[in-house]
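Input: a single structure, listed below in structure tokens.
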Amino acid sequence: MSDYDVIIIGSGPGGYVAAIRAAQNGLKTACVESRETLGGTCLNIGCIPSKALLHASELYEEVSGGHLKKFGITASASIDHAGLMASKDKSVKGLTDGIAFLFKKNKVDWLKGHASFESKNSIKVGDETHTAKNIVIATGSSVTPLPGAEIDNAKGVIVDSTGALSLAKVPGHLVVIGGGVIGLELGSVWRRLGAKVTVVEYLDQILPGMDGEIRKDSAKLLSKQGMEIRTGTKVTGVKTGKSGATLTLEPAAGGAAETLEADVVLVSIGRRPNTDGLALEKAGLALNPRGQIEVDHYLATNVPGIWAIGDVTPGPMLAHKAEDEGVAVADNIAGRTGYVNHDVIPSVVYTMPEIAGVGLTEEAAKEKGEIKVGRFPFLANSRAKTNQDTDGWVKIIADARTDRVLGVWILNRLAGTLIAEAALAMEMGASSEDIALTCHAHPTHAESLKEAAMAVTGKPIHI
Ligand code: FAD
Ligand code: NAI
């Protein structure tokens, strides 16, 4: 007889959600976690601490950058570095403790330690072996290293995102390698707090995978804020000295090399799945060429009884994708129907303004067929104008024949919140006309979605 109906390896947003839902479904459930606290990358060293610093640094810049003056308010601000870090740590602790509470409440056993397979239905954690009818792999991902740039978070010169969340002081010059989500978010934090920030990106534009127009316009806005963005540039070497580091840069297309001095270098060139030390071969599992565990529509691997979710599987490495897969896998294991619509997974970059999208980019939609596009600038939105915060726009991409919404892109202070409406509309199969005919409260930023939908047929009211 098995010890458990389900064992989940990893307690990130994928694993902890799967564990809670499995227990809710009446299954005897355990979750293995090798970290001291539950919640995985997201709660401990990812989404939550980064958003804590983004929020605090944004408040600081509102005051120190003189932004309040335009509202007739004068104030001054200074940074208490220890207080800033303590406030971030408090948010993390509150949420990770919360998962421990939810495990107790739902009677999920937390097996503390590193799990490795012994067979397809048993794992080893420390000296103990545990068996289960079903095993879910939710081991997440870690930083992709850059050869020649050895990360040492304790030293604090060449750091990854974890190091960049806990720098001992505001660096004079922070050089970010990789103009993706982590580089732009954490680059924004330290720039707002006073660092000079240079982002070195190999490709000719930042934020690969996002809509072309949003990539271009967000780069313009971030540059205007003082972030230096060097696209089409590769880092060919990083040497650390007594203090700081010297980077060697070359144009990606070839050309003369140059050097760049940095106090701190953040390596943020992507993340890779965590499968080391799992002994997957003992369970009969193999990895795909990208090192991921392949799953089918039900999140099942090719070995019956073994499932996989979250960052360790193909698809965007996002907490909400992992969470939805956690619910779906636990429902499938319980004999219900679990389903994730991978075509409608929003993504948000929490810079200022925020950058958000769901569905197809304009480029991808065009490749699939004829489209209609409606755009609306926040410059014409009454609430954004009143708040003197008019950067950005909404773009709605619809099928030219059926009017079904294929993608929505938003650049705005509230883009991360506004994109939820677009995701719901797309999940319900809405047309742009459905959005245009939905009453939106006035005065709100959300009215820009309605106006962009009206613009799909060429009849927006306010432009
Ligand atoms: P993880 O959260 O990585 O959790 C996996 C857990 O498994 C880890 O705790 C690990 O210790 C444990 N584990 C691994 N192997 C074993 C083993 N063999 N035995 C026992 N335990 C094991 N996403 C967003 O959607 N929004 C954001 O704002 C956001 N911000 C981010 C900011 C940063 C700086 C970073 C690094 C990431 C961010 N992400 C964000 C991405 C998000 O954190 C991941 O997509 C998400 O955590 C993936 O969840 P997961 O459950 O698949 O894995
Ligand atoms: P990323 O994939 O978003 O960006 C990496 C960038 O580095 C790319 O633009 C790439 O072209 C560039 N690059 C790669 N090699 C390079 C090199 N040698 N020199 C210069 N540039 C190079 O990866 P990132 O930022 O590390 O984030 C990892 C994951 O974490 C993302 O996939 C994202 O899904 C997740 N994340 C999500 C957040 C959110 O949802 N707000 C926040 C932070 C992370």
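Each chain of the structure tokens is named A, B, ... in the order shown, its residues numbered from 1; ligands are numbered from 1 in display order.
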For this session: Could you report the residues within 6 Å of ligand 2, using only C-alpha atoms and all ligand atoms, as a list in words?
Result: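 Listed by chain and ascending number, the contacts are Ile177, Gly178, Gly179, Gly180, Val181, Ile182, Gly183, Val200, Glu201, Tyr202, Leu203, Ile206, Leu207, Pro208, Lys234, Val235, Ser268, Ile269, Gly270, Arg271, Pro316, Met317, Leu318, Ser347, Val348, Val349 and Tyr350 of chain A.
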Exercise. Mind listing the residues within 6 Å of ligand 1, only C-alpha atoms and all ligand atoms counted, as a VMD selection string?
Worked result: chain A and resid 9 to 15 32 to 35 40 to 42 46 to 47 50 113 to 116 138 to 141 161 182 274 278 310 to 311 317 to 320 322
Seminar exercise, completed: If you count only C-alpha atoms, the residue of A:Trp393, A:Phe71, A:Tyr60, A:Trp307 closest to Glu213 in chain A turns out to be A:Trp393
Exercise. CA of Ala262 in chain A and CA of Ala77 in chain A are how many Å apart?
Worked result: 26.3 Å
Problem set entry | Selection: 12 Å around Phe117 in chain A, only C-alpha atoms, excl. self and same-chain fewer than 2 positions, as number ranges by chain | A: 7-9, 114-115, 119-126, 128-132, 135-137, 275-285, 306
Problem set entry | Residues within 12 Å of Gly315 in chain A, only C-alpha atoms, excluding chain neighbours under 5 positions, as a count of residues only | 20
